[in-house]
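Pasting structure-v1.cif here (mmCIF, N, CA and C atoms):
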```
data_query
loop_
_atom_site.group_PDB
_atom_site.id
_atom_site.type_symbol
_atom_site.label_atom_id
_atom_site.label_comp_id
_atom_site.auth_asym_id
_atom_site.auth_seq_id
_atom_site.Cartn_x
_atom_site.Cartn_y
_atom_site.Cartn_z
ATOM 1 N N GLY A 1 49.150 20.496 -7.037
ATOM 2 C CA GLY A 1 48.390 21.614 -6.544
ATOM 3 C C GLY A 1 47.420 22.116 -7.579
ATOM 4 N N SER A 2 46.671 23.130 -7.228
ATOM 5 C CA SER A 2 45.691 23.715 -8.145
ATOM 6 C C SER A 2 46.389 24.565 -9.195
ATOM 7 N N ARG A 3 45.600 25.054 -10.174
ATOM 8 C CA ARG A 3 46.182 25.891 -11.227
ATOM 9 C C ARG A 3 46.770 27.179 -10.663
ATOM 10 N N ASN A 4 46.244 27.635 -9.547
ATOM 11 C CA ASN A 4 46.718 28.889 -8.947
ATOM 12 C C ASN A 4 47.838 28.673 -7.929
ATOM 13 N N ALA A 5 48.246 27.443 -7.721
ATOM 14 C CA ALA A 5 49.278 27.154 -6.720
ATOM 15 C C ALA A 5 50.600 27.796 -7.128
ATOM 16 N N THR A 6 51.297 28.336 -6.157
ATOM 17 C CA THR A 6 52.575 28.993 -6.436
ATOM 18 C C THR A 6 53.738 28.022 -6.372
ATOM 19 N N GLY A 7 53.521 26.854 -5.818
ATOM 20 C CA GLY A 7 54.603 25.887 -5.676
ATOM 21 C C GLY A 7 55.434 26.112 -4.437
ATOM 22 N N ARG A 8 55.083 27.091 -3.656
ATOM 23 C CA ARG A 8 55.852 27.421 -2.458
ATOM 24 C C ARG A 8 55.871 26.266 -1.467
ATOM 25 N N ASP A 9 54.730 25.589 -1.270
ATOM 26 C CA ASP A 9 54.687 24.479 -0.329
ATOM 27 C C ASP A 9 55.604 23.351 -0.768
ATOM 28 N N LEU A 10 55.614 23.051 -2.038
ATOM 29 C CA LEU A 10 56.488 21.999 -2.529
ATOM 30 C C LEU A 10 57.950 22.384 -2.357
ATOM 31 N N GLN A 11 58.256 23.634 -2.604
ATOM 32 C CA GLN A 11 59.620 24.100 -2.476
ATOM 33 C C GLN A 11 60.126 24.014 -1.044
ATOM 34 N N SER A 12 59.299 24.353 -0.087
ATOM 35 C CA SER A 12 59.761 24.428 1.293
ATOM 36 C C SER A 12 59.448 23.177 2.103
ATOM 37 N N ALA A 13 58.986 22.109 1.435
ATOM 38 C CA ALA A 13 58.575 20.918 2.165
ATOM 39 C C ALA A 13 59.742 20.157 2.782
ATOM 40 N N GLY A 14 60.906 20.186 2.166
ATOM 41 C CA GLY A 14 62.037 19.415 2.679
ATOM 42 C C GLY A 14 63.182 20.315 3.072
ATOM 43 N N PRO A 15 64.195 19.724 3.697
ATOM 44 C CA PRO A 15 65.364 20.512 4.099
ATOM 45 C C PRO A 15 66.184 20.939 2.887
ATOM 46 N N SER A 16 66.993 21.969 3.052
ATOM 47 C CA SER A 16 67.860 22.423 1.974
ATOM 48 C C SER A 16 68.913 21.363 1.694
ATOM 49 N N GLY A 17 69.556 21.456 0.549
ATOM 50 C CA GLY A 17 70.548 20.469 0.151
ATOM 51 C C GLY A 17 71.746 20.398 1.083
ATOM 52 N N SER A 18 72.061 21.481 1.746
ATOM 53 C CA SER A 18 73.231 21.506 2.623
ATOM 54 C C SER A 18 72.894 21.185 4.082
ATOM 55 N N TYR A 19 71.617 20.980 4.381
ATOM 56 C CA TYR A 19 71.224 20.836 5.784
ATOM 57 C C TYR A 19 71.818 19.603 6.454
ATOM 58 N N ALA A 20 71.779 18.445 5.813
ATOM 59 C CA ALA A 20 72.321 17.218 6.429
ATOM 60 C C ALA A 20 73.800 17.395 6.751
ATOM 61 N N GLY A 21 74.526 18.078 5.889
ATOM 62 C CA GLY A 21 75.937 18.339 6.146
ATOM 63 C C GLY A 21 76.146 19.250 7.338
ATOM 64 N N ARG A 22 75.278 20.251 7.485
ATOM 65 C CA ARG A 22 75.381 21.157 8.645
ATOM 66 C C ARG A 22 75.064 20.418 9.939
ATOM 67 N N VAL A 23 74.081 19.521 9.880
ATOM 68 C CA VAL A 23 73.739 18.734 11.069
ATOM 69 C C VAL A 23 74.902 17.812 11.425
ATOM 70 N N ALA A 24 75.453 17.131 10.429
ATOM 71 C CA ALA A 24 76.592 16.246 10.682
ATOM 72 C C ALA A 24 77.771 17.031 11.260
ATOM 73 N N ALA A 25 77.995 18.255 10.757
ATOM 74 C CA ALA A 25 79.076 19.093 11.276
ATOM 75 C C ALA A 25 78.835 19.497 12.730
ATOM 76 N N ARG A 26 77.586 19.621 13.129
ATOM 77 C CA ARG A 26 77.255 19.949 14.513
ATOM 78 C C ARG A 26 77.501 18.743 15.419
ATOM 79 N N ILE A 27 77.213 17.534 14.914
ATOM 80 C CA ILE A 27 77.328 16.305 15.709
ATOM 81 C C ILE A 27 78.767 15.781 15.756
ATOM 82 N N ARG A 28 79.479 15.869 14.623
ATOM 83 C CA ARG A 28 80.804 15.256 14.490
ATOM 84 C C ARG A 28 81.781 15.603 15.618
ATOM 85 N N PRO A 29 81.888 16.841 16.096
ATOM 86 C CA PRO A 29 82.842 17.130 17.182
ATOM 87 C C PRO A 29 82.544 16.362 18.474
ATOM 88 N N ASN A 30 81.319 15.857 18.615
ATOM 89 C CA ASN A 30 80.951 15.119 19.822
ATOM 90 C C ASN A 30 81.226 13.618 19.713
ATOM 91 N N ILE A 31 81.694 13.171 18.562
ATOM 92 C CA ILE A 31 81.992 11.743 18.393
ATOM 93 C C ILE A 31 83.339 11.431 19.028
ATOM 94 N N VAL A 32 83.328 10.469 19.934
ATOM 95 C CA VAL A 32 84.551 9.993 20.572
ATOM 96 C C VAL A 32 84.745 8.558 20.099
ATOM 97 N N PHE A 33 85.745 8.363 19.219
ATOM 98 C CA PHE A 33 86.001 7.045 18.640
ATOM 99 C C PHE A 33 87.501 6.883 18.480
ATOM 100 N N THR A 34 88.073 5.972 19.241
ATOM 101 C CA THR A 34 89.518 5.769 19.203
ATOM 102 C C THR A 34 89.906 4.424 18.597
ATOM 103 N N ASP A 35 88.924 3.577 18.310
ATOM 104 C CA ASP A 35 89.214 2.275 17.716
ATOM 105 C C ASP A 35 89.584 2.430 16.249
ATOM 106 N N ALA A 36 90.210 1.392 15.719
ATOM 107 C CA ALA A 36 90.505 1.351 14.284
ATOM 108 C C ALA A 36 89.368 0.600 13.596
ATOM 109 N N ALA A 37 88.893 1.134 12.498
ATOM 110 C CA ALA A 37 87.832 0.479 11.734
ATOM 111 C C ALA A 37 88.356 0.212 10.327
ATOM 112 N N ALA A 38 88.213 -1.020 9.876
ATOM 113 C CA ALA A 38 88.651 -1.366 8.522
ATOM 114 C C ALA A 38 87.778 -0.638 7.510
ATOM 115 N N GLY A 39 88.411 -0.027 6.539
ATOM 116 C CA GLY A 39 87.656 0.727 5.538
ATOM 117 C C GLY A 39 87.113 2.013 6.129
ATOM 118 N N ASN A 40 85.974 2.421 5.641
ATOM 119 C CA ASN A 40 85.319 3.636 6.128
ATOM 120 C C ASN A 40 83.821 3.342 6.250
ATOM 121 N N PRO A 41 83.452 2.498 7.235
ATOM 122 C CA PRO A 41 82.060 2.043 7.333
ATOM 123 C C PRO A 41 81.088 3.178 7.648
ATOM 124 N N SER A 42 79.877 3.051 7.127
ATOM 125 C CA SER A 42 78.857 4.084 7.298
ATOM 126 C C SER A 42 77.753 3.617 8.239
ATOM 127 N N ALA A 43 77.442 4.449 9.223
ATOM 128 C CA ALA A 43 76.298 4.216 10.105
ATOM 129 C C ALA A 43 75.221 5.209 9.706
ATOM 130 N N GLU A 44 74.004 4.729 9.453
ATOM 131 C CA GLU A 44 72.890 5.610 9.104
ATOM 132 C C GLU A 44 71.948 5.713 10.289
ATOM 133 N N VAL A 45 71.643 6.949 10.666
ATOM 134 C CA VAL A 45 70.830 7.211 11.848
ATOM 135 C C VAL A 45 69.651 8.101 11.470
ATOM 136 N N GLU A 46 68.476 7.721 11.954
ATOM 137 C CA GLU A 46 67.306 8.585 11.815
ATOM 138 C C GLU A 46 67.213 9.424 13.082
ATOM 139 N N VAL A 47 67.176 10.744 12.891
ATOM 140 C CA VAL A 47 67.080 11.672 14.012
ATOM 141 C C VAL A 47 65.731 12.377 13.917
ATOM 142 N N ARG A 48 64.997 12.393 15.018
ATOM 143 C CA ARG A 48 63.718 13.115 15.087
ATOM 144 C C ARG A 48 63.901 14.296 16.028
ATOM 145 N N ALA A 49 63.339 15.446 15.612
ATOM 146 C CA ALA A 49 63.535 16.666 16.389
ATOM 147 C C ALA A 49 62.240 17.442 16.533
ATOM 148 N N ALA A 50 62.171 18.215 17.612
ATOM 149 C CA ALA A 50 61.056 19.133 17.850
ATOM 150 C C ALA A 50 61.249 20.355 16.945
ATOM 151 N N PRO A 51 60.207 21.169 16.774
ATOM 152 C CA PRO A 51 60.336 22.373 15.934
ATOM 153 C C PRO A 51 61.457 23.322 16.360
ATOM 154 N N ASP A 52 61.823 23.320 17.639
ATOM 155 C CA ASP A 52 62.907 24.196 18.097
ATOM 156 C C ASP A 52 64.288 23.557 17.941
ATOM 157 N N GLY A 53 64.346 22.339 17.384
ATOM 158 C CA GLY A 53 65.618 21.668 17.157
ATOM 159 C C GLY A 53 66.013 20.669 18.231
ATOM 160 N N THR A 54 65.294 20.643 19.339
ATOM 161 C CA THR A 54 65.615 19.688 20.402
ATOM 162 C C THR A 54 65.491 18.269 19.862
ATOM 163 N N ILE A 55 66.537 17.479 20.035
ATOM 164 C CA ILE A 55 66.520 16.097 19.555
ATOM 165 C C ILE A 55 65.612 15.272 20.457
ATOM 166 N N LEU A 56 64.593 14.674 19.847
ATOM 167 C CA LEU A 56 63.630 13.869 20.588
ATOM 168 C C LEU A 56 64.031 12.402 20.619
ATOM 169 N N SER A 57 64.593 11.911 19.517
ATOM 170 C CA SER A 57 65.008 10.504 19.459
ATOM 171 C C SER A 57 66.000 10.315 18.334
ATOM 172 N N ARG A 58 66.721 9.224 18.428
ATOM 173 C CA ARG A 58 67.618 8.815 17.359
ATOM 174 C C ARG A 58 67.562 7.310 17.288
ATOM 175 N N LYS A 59 67.697 6.781 16.069
ATOM 176 C CA LYS A 59 67.607 5.341 15.889
ATOM 177 C C LYS A 59 68.566 4.928 14.788
ATOM 178 N N LEU A 60 69.386 3.934 15.084
ATOM 179 C CA LEU A 60 70.288 3.386 14.084
ATOM 180 C C LEU A 60 69.452 2.602 13.083
ATOM 181 N N ILE A 61 69.471 3.009 11.821
ATOM 182 C CA ILE A 61 68.673 2.293 10.831
ATOM 183 C C ILE A 61 69.530 1.422 9.925
ATOM 184 N N LYS A 62 70.846 1.702 9.885
ATOM 185 C CA LYS A 62 71.759 0.834 9.148
ATOM 186 C C LYS A 62 73.093 0.830 9.880
ATOM 187 N N SER A 63 73.440 -0.305 10.425
ATOM 188 C CA SER A 63 74.685 -0.434 11.161
ATOM 189 C C SER A 63 75.874 -0.352 10.218
ATOM 190 N N SER A 64 76.966 0.180 10.748
ATOM 191 C CA SER A 64 78.214 0.224 9.993
ATOM 192 C C SER A 64 78.900 -1.135 9.991
ATOM 193 N N GLY A 65 78.469 -2.003 10.890
ATOM 194 C CA GLY A 65 79.143 -3.281 11.071
ATOM 195 C C GLY A 65 80.222 -3.202 12.143
ATOM 196 N N VAL A 66 80.450 -1.992 12.659
ATOM 197 C CA VAL A 66 81.428 -1.772 13.731
ATOM 198 C C VAL A 66 80.650 -1.232 14.918
ATOM 199 N N LYS A 67 80.382 -2.106 15.864
ATOM 200 C CA LYS A 67 79.521 -1.761 17.000
ATOM 201 C C LYS A 67 80.009 -0.516 17.744
ATOM 202 N N THR A 68 81.317 -0.397 17.947
ATOM 203 C CA THR A 68 81.837 0.751 18.695
ATOM 204 C C THR A 68 81.635 2.065 17.932
ATOM 205 N N TRP A 69 81.696 2.017 16.583
ATOM 206 C CA TRP A 69 81.435 3.224 15.794
ATOM 207 C C TRP A 69 79.958 3.615 15.897
ATOM 208 N N ASP A 70 79.076 2.624 15.735
ATOM 209 C CA ASP A 70 77.638 2.886 15.845
ATOM 210 C C ASP A 70 77.311 3.524 17.193
ATOM 211 N N GLU A 71 77.858 2.963 18.260
ATOM 212 C CA GLU A 71 77.596 3.486 19.609
ATOM 213 C C GLU A 71 78.164 4.895 19.775
ATOM 214 N N ALA A 72 79.346 5.151 19.214
ATOM 215 C CA ALA A 72 79.952 6.487 19.316
ATOM 216 C C ALA A 72 79.083 7.528 18.623
ATOM 217 N N VAL A 73 78.505 7.172 17.477
ATOM 218 C CA VAL A 73 77.639 8.092 16.742
ATOM 219 C C VAL A 73 76.374 8.388 17.546
ATOM 220 N N LEU A 74 75.751 7.349 18.091
ATOM 221 C CA LEU A 74 74.519 7.536 18.872
ATOM 222 C C LEU A 74 74.778 8.395 20.117
ATOM 223 N N LYS A 75 75.890 8.152 20.795
ATOM 224 C CA LYS A 75 76.233 8.949 21.978
ATOM 225 C C LYS A 75 76.492 10.409 21.597
ATOM 226 N N ALA A 76 77.123 10.631 20.454
ATOM 227 C CA ALA A 76 77.395 11.996 19.998
ATOM 228 C C ALA A 76 76.092 12.744 19.718
ATOM 229 N N ILE A 77 75.111 12.053 19.149
ATOM 230 C CA ILE A 77 73.812 12.686 18.894
ATOM 231 C C ILE A 77 73.156 13.056 20.219
ATOM 232 N N ASP A 78 73.219 12.145 21.189
ATOM 233 C CA ASP A 78 72.662 12.441 22.515
ATOM 234 C C ASP A 78 73.338 13.668 23.125
ATOM 235 N N LYS A 79 74.648 13.758 22.977
ATOM 236 C CA LYS A 79 75.405 14.870 23.556
ATOM 237 C C LYS A 79 75.095 16.192 22.847
ATOM 238 N N THR A 80 74.764 16.119 21.566
ATOM 239 C CA THR A 80 74.488 17.321 20.781
ATOM 240 C C THR A 80 73.221 18.030 21.265
ATOM 241 N N GLU A 81 72.190 17.273 21.617
ATOM 242 C CA GLU A 81 70.935 17.758 22.192
ATOM 243 C C GLU A 81 70.039 18.581 21.266
ATOM 244 N N ARG A 82 70.600 19.443 20.417
ATOM 245 C CA ARG A 82 69.774 20.341 19.601
ATOM 246 C C ARG A 82 70.372 20.462 18.196
ATOM 247 N N LEU A 83 69.484 20.402 17.198
ATOM 248 C CA LEU A 83 69.903 20.569 15.806
ATOM 249 C C LEU A 83 69.784 22.039 15.402
ATOM 250 N N PRO A 84 70.626 22.462 14.452
ATOM 251 C CA PRO A 84 70.516 23.848 13.971
ATOM 252 C C PRO A 84 69.287 24.011 13.089
ATOM 253 N N ALA A 85 68.825 25.227 12.959
ATOM 254 C CA ALA A 85 67.716 25.521 12.045
ATOM 255 C C ALA A 85 68.244 25.510 10.614
ATOM 256 N N ASP A 86 67.382 25.181 9.689
ATOM 257 C CA ASP A 86 67.736 25.199 8.272
ATOM 258 C C ASP A 86 67.747 26.644 7.785
ATOM 259 N N THR A 87 68.047 26.852 6.523
ATOM 260 C CA THR A 87 68.134 28.202 5.964
ATOM 261 C C THR A 87 66.810 28.952 6.045
ATOM 262 N N ASP A 88 65.683 28.225 6.092
ATOM 263 C CA ASP A 88 64.375 28.877 6.201
ATOM 264 C C ASP A 88 63.937 29.069 7.647
ATOM 265 N N GLY A 89 64.822 28.719 8.599
ATOM 266 C CA GLY A 89 64.529 28.901 10.015
ATOM 267 C C GLY A 89 63.828 27.721 10.666
ATOM 268 N N ARG A 90 63.466 26.725 9.874
ATOM 269 C CA ARG A 90 62.777 25.556 10.425
ATOM 270 C C ARG A 90 63.746 24.401 10.654
ATOM 271 N N VAL A 91 63.308 23.462 11.479
ATOM 272 C CA VAL A 91 64.056 22.235 11.725
ATOM 273 C C VAL A 91 63.177 21.075 11.253
ATOM 274 N N PRO A 92 63.671 20.256 10.302
ATOM 275 C CA PRO A 92 62.875 19.109 9.858
ATOM 276 C C PRO A 92 62.565 18.184 11.031
ATOM 277 N N SER A 93 61.380 17.593 11.027
ATOM 278 C CA SER A 93 60.993 16.709 12.130
ATOM 279 C C SER A 93 61.730 15.384 12.101
ATOM 280 N N ALA A 94 62.163 14.932 10.936
ATOM 281 C CA ALA A 94 62.913 13.674 10.823
ATOM 282 C C ALA A 94 63.965 13.821 9.739
ATOM 283 N N LEU A 95 65.116 13.227 9.982
ATOM 284 C CA LEU A 95 66.227 13.335 9.063
ATOM 285 C C LEU A 95 67.069 12.076 9.172
ATOM 286 N N ILE A 96 67.546 11.562 8.057
ATOM 287 C CA ILE A 96 68.459 10.417 8.073
ATOM 288 C C ILE A 96 69.836 10.934 7.698
ATOM 289 N N ILE A 97 70.814 10.622 8.548
ATOM 290 C CA ILE A 97 72.168 11.117 8.359
ATOM 291 C C ILE A 97 73.140 9.943 8.379
ATOM 292 N N SER A 98 74.122 9.970 7.505
ATOM 293 C CA SER A 98 75.176 8.952 7.463
ATOM 294 C C SER A 98 76.443 9.512 8.083
ATOM 295 N N PHE A 99 77.114 8.684 8.860
ATOM 296 C CA PHE A 99 78.369 9.064 9.491
ATOM 297 C C PHE A 99 79.429 8.019 9.169
ATOM 298 N N ARG A 100 80.625 8.488 8.781
ATOM 299 C CA ARG A 100 81.761 7.617 8.512
ATOM 300 C C ARG A 100 82.940 8.118 9.340
ATOM 301 N N PRO A 101 83.754 7.211 9.855
ATOM 302 C CA PRO A 101 84.886 7.636 10.700
ATOM 303 C C PRO A 101 85.863 8.583 10.013
ATOM 304 N N ARG A 102 86.055 8.430 8.702
ATOM 305 C CA ARG A 102 87.066 9.218 8.012
ATOM 306 C C ARG A 102 86.488 10.369 7.202
ATOM 307 N N ASP A 103 85.308 10.813 7.496
ATOM 308 C CA ASP A 103 84.731 11.958 6.789
ATOM 309 C C ASP A 103 85.087 13.252 7.482
#
```

Translate the structure described by the file into structure tokens.
Amino acid sequence: GSRNATGRDLQSAGPSGSYAGRVAARIRPNIVFTDAAAGNPSAEVEVRAAPDGTILSRKLIKSSGVKTWDEAVLKAIDKTERLPADTDGRVPSALIISFRPRD
């Protein structure tokens, strides 16, 4: 920024450090998974949302290697429908979240 920049834009450009955890906590109760998975595989999902938090899309970007877990996570995101606002009242337009069965 310029010499007179306050740094406010840089500070507020991304989600807070606890935001991904709050989003995962909102989605996790909607996960229905009864299969056994060896280890604790991680599925990484990119979630895109409107400014009001409405989930616009989700995409599996890294499979856990357990198809039923991946599908359970995607269905849970669909069921969630809306993400919570961050501490500044905004909802990031895109977020990557990891989900593990034993978290």

Please return, as a ChimeraX atom specification, all polymer residues that have at least one atom within 12 Å of the point (87.6, -0.9, 11.8); use only C-alpha atoms and the file's own coordinate frame.
/A:33-42,64-70,100-102

Using backbone DSSP assignments, extract all strand (DSSP E or B) residues from chain A; output them as a PyMOL selection string.
chain A and resi 43-49+54-62+82+94-99

Kindly list the centre and edge lengths in Å, rounded to one decimal, for the axis-aligned box that covers all listed atoms of segment 56-71 of chain A plus 6 Å on each of its six sides, as AutoDock Vina command-line options.
```
--center_x 72.7 --center_y 5.7 --center_z 14.9 --size_x 30.2 --size_y 30.0 --size_z 23.5
```

The PyMOL selection byres ((chain A and resi 73) around 8) applied to the shown file, residues as a ChimeraX atom specification
/A:27,30-33,43,67-72,74-79,99

Take the residues that were just selected and, keeping N, CA and C atoms, output them as a compact mmCIF listing (two decimals), keeping the file's coordinate frame.
```txt
# COMPACT_ATOMS: atom_id res chain seq x y z
N ILE A 27 77.21 17.53 14.91
CA ILE A 27 77.33 16.30 15.71
C ILE A 27 78.77 15.78 15.76
N ASN A 30 81.32 15.86 18.61
CA ASN A 30 80.95 15.12 19.82
C ASN A 30 81.23 13.62 19.71
N ILE A 31 81.69 13.17 18.56
CA ILE A 31 81.99 11.74 18.39
C ILE A 31 83.34 11.43 19.03
N VAL A 32 83.33 10.47 19.93
CA VAL A 32 84.55 9.99 20.57
C VAL A 32 84.74 8.56 20.10
N PHE A 33 85.74 8.36 19.22
CA PHE A 33 86.00 7.04 18.64
C PHE A 33 87.50 6.88 18.48
N ALA A 43 77.44 4.45 9.22
CA ALA A 43 76.30 4.22 10.10
C ALA A 43 75.22 5.21 9.71
N LYS A 67 80.38 -2.11 15.86
CA LYS A 67 79.52 -1.76 17.00
C LYS A 67 80.01 -0.52 17.74
N THR A 68 81.32 -0.40 17.95
CA THR A 68 81.84 0.75 18.70
C THR A 68 81.64 2.06 17.93
N TRP A 69 81.70 2.02 16.58
CA TRP A 69 81.44 3.22 15.79
C TRP A 69 79.96 3.62 15.90
N ASP A 70 79.08 2.62 15.74
CA ASP A 70 77.64 2.89 15.84
C ASP A 70 77.31 3.52 17.19
N GLU A 71 77.86 2.96 18.26
CA GLU A 71 77.60 3.49 19.61
C GLU A 71 78.16 4.89 19.77
N ALA A 72 79.35 5.15 19.21
CA ALA A 72 79.95 6.49 19.32
C ALA A 72 79.08 7.53 18.62
N LEU A 74 75.75 7.35 18.09
CA LEU A 74 74.52 7.54 18.87
C LEU A 74 74.78 8.40 20.12
N LYS A 75 75.89 8.15 20.80
CA LYS A 75 76.23 8.95 21.98
C LYS A 75 76.49 10.41 21.60
N ALA A 76 77.12 10.63 20.45
CA ALA A 76 77.40 12.00 20.00
C ALA A 76 76.09 12.74 19.72
N ILE A 77 75.11 12.05 19.15
CA ILE A 77 73.81 12.69 18.89
C ILE A 77 73.16 13.06 20.22
N ASP A 78 73.22 12.14 21.19
CA ASP A 78 72.66 12.44 22.52
C ASP A 78 73.34 13.67 23.12
N LYS A 79 74.65 13.76 22.98
CA LYS A 79 75.40 14.87 23.56
C LYS A 79 75.10 16.19 22.85
N PHE A 99 77.11 8.68 8.86
CA PHE A 99 78.37 9.06 9.49
C PHE A 99 79.43 8.02 9.17
```

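Using only N, CA and C atoms for every distance, the candidate list A:Ala50, A:Ala94, A:Leu83, A:Val45 yields A:Leu83 as the residue closest to Arg26 of chain A.
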
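Between Leu95 of chain A and the residues A:Asp52, A:Val47, A:Thr80, A:Arg58, the shortest atom-to-atom distance, using all atoms listed in the file, involves A:Val47.
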
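Every protein, DNA or RNA residue with an atom at most 8 Å from Glu46 of chain A, where only C-alpha atoms count and chain neighbours fewer than 2 positions away do not, is listed here: Glu44, Arg48, Arg58, Lys59, Leu60, Ile61, Ala94, Leu95, Ile96 and Ile97 of chain A.
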
If we count only C-alpha atoms, what is near Arg90 of chain A at a cut-off of 12 Å, once residues fewer than 4 positions away on the same chain are taken out, given as a list in words?
Ser12, Ala13, Gly14, Pro15, Ser16, Tyr19, Ala49, Ala50, Pro51, Asp52, Gly53, Thr54, Leu83, Pro84, Ala85, Asp86 and Ala94 of chain A

How about saving the chosen residues, N, CA and C atoms kept, as a PDB file, in the frame of the given file?
```
ATOM      1  N   SER A  12      59.299  24.353  -0.087  1.00  0.00           N
ATOM      2  CA  SER A  12      59.761  24.428   1.293  1.00  0.00           C
ATOM      3  C   SER A  12      59.448  23.177   2.103  1.00  0.00           C
ATOM      4  N   ALA A  13      58.986  22.109   1.435  1.00  0.00           N
ATOM      5  CA  ALA A  13      58.575  20.918   2.165  1.00  0.00           C
ATOM      6  C   ALA A  13      59.742  20.157   2.782  1.00  0.00           C
ATOM      7  N   GLY A  14      60.906  20.186   2.166  1.00  0.00           N
ATOM      8  CA  GLY A  14      62.037  19.415   2.679  1.00  0.00           C
ATOM      9  C   GLY A  14      63.182  20.315   3.072  1.00  0.00           C
ATOM     10  N   PRO A  15      64.195  19.724   3.697  1.00  0.00           N
ATOM     11  CA  PRO A  15      65.364  20.512   4.099  1.00  0.00           C
ATOM     12  C   PRO A  15      66.184  20.939   2.887  1.00  0.00           C
ATOM     13  N   SER A  16      66.993  21.969   3.052  1.00  0.00           N
ATOM     14  CA  SER A  16      67.860  22.423   1.974  1.00  0.00           C
ATOM     15  C   SER A  16      68.913  21.363   1.694  1.00  0.00           C
ATOM     16  N   TYR A  19      71.617  20.980   4.381  1.00  0.00           N
ATOM     17  CA  TYR A  19      71.224  20.836   5.784  1.00  0.00           C
ATOM     18  C   TYR A  19      71.818  19.603   6.454  1.00  0.00           C
ATOM     19  N   ALA A  49      63.339  15.446  15.612  1.00  0.00           N
ATOM     20  CA  ALA A  49      63.535  16.666  16.389  1.00  0.00           C
ATOM     21  C   ALA A  49      62.240  17.442  16.533  1.00  0.00           C
ATOM     22  N   ALA A  50      62.171  18.215  17.612  1.00  0.00           N
ATOM     23  CA  ALA A  50      61.056  19.133  17.850  1.00  0.00           C
ATOM     24  C   ALA A  50      61.249  20.355  16.945  1.00  0.00           C
ATOM     25  N   PRO A  51      60.207  21.169  16.774  1.00  0.00           N
ATOM     26  CA  PRO A  51      60.336  22.373  15.934  1.00  0.00           C
ATOM     27  C   PRO A  51      61.457  23.322  16.360  1.00  0.00           C
ATOM     28  N   ASP A  52      61.823  23.320  17.639  1.00  0.00           N
ATOM     29  CA  ASP A  52      62.907  24.196  18.097  1.00  0.00           C
ATOM     30  C   ASP A  52      64.288  23.557  17.941  1.00  0.00           C
ATOM     31  N   GLY A  53      64.346  22.339  17.384  1.00  0.00           N
ATOM     32  CA  GLY A  53      65.618  21.668  17.157  1.00  0.00           C
ATOM     33  C   GLY A  53      66.013  20.669  18.231  1.00  0.00           C
ATOM     34  N   THR A  54      65.294  20.643  19.339  1.00  0.00           N
ATOM     35  CA  THR A  54      65.615  19.688  20.402  1.00  0.00           C
ATOM     36  C   THR A  54      65.491  18.269  19.862  1.00  0.00           C
ATOM     37  N   LEU A  83      69.484  20.402  17.198  1.00  0.00           N
ATOM     38  CA  LEU A  83      69.903  20.569  15.806  1.00  0.00           C
ATOM     39  C   LEU A  83      69.784  22.039  15.402  1.00  0.00           C
ATOM     40  N   PRO A  84      70.626  22.462  14.452  1.00  0.00           N
ATOM     41  CA  PRO A  84      70.516  23.848  13.971  1.00  0.00           C
ATOM     42  C   PRO A  84      69.287  24.011  13.089  1.00  0.00           C
ATOM     43  N   ALA A  85      68.825  25.227  12.959  1.00  0.00           N
ATOM     44  CA  ALA A  85      67.716  25.521  12.045  1.00  0.00           C
ATOM     45  C   ALA A  85      68.244  25.510  10.614  1.00  0.00           C
ATOM     46  N   ASP A  86      67.382  25.181   9.689  1.00  0.00           N
ATOM     47  CA  ASP A  86      67.736  25.199   8.272  1.00  0.00           C
ATOM     48  C   ASP A  86      67.747  26.644   7.785  1.00  0.00           C
ATOM     49  N   ALA A  94      62.163  14.932  10.936  1.00  0.00           N
ATOM     50  CA  ALA A  94      62.913  13.674  10.823  1.00  0.00           C
ATOM     51  C   ALA A  94      63.965  13.821   9.739  1.00  0.00           C
TER      52      ALA A  94
END
```

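The coordinates place atom CA of Lys62 of chain A at 27.8 Å from atom CA of Thr87 of chain A.
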
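Rounded to one decimal, atom C of Leu56 of chain A and atom C of Ser93 of chain A lie 9.3 Å from each other.
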
Any idea what the distance is between atom C of Arg82 of chain A and atom CA of Ile55 of chain A?
6.0 Å
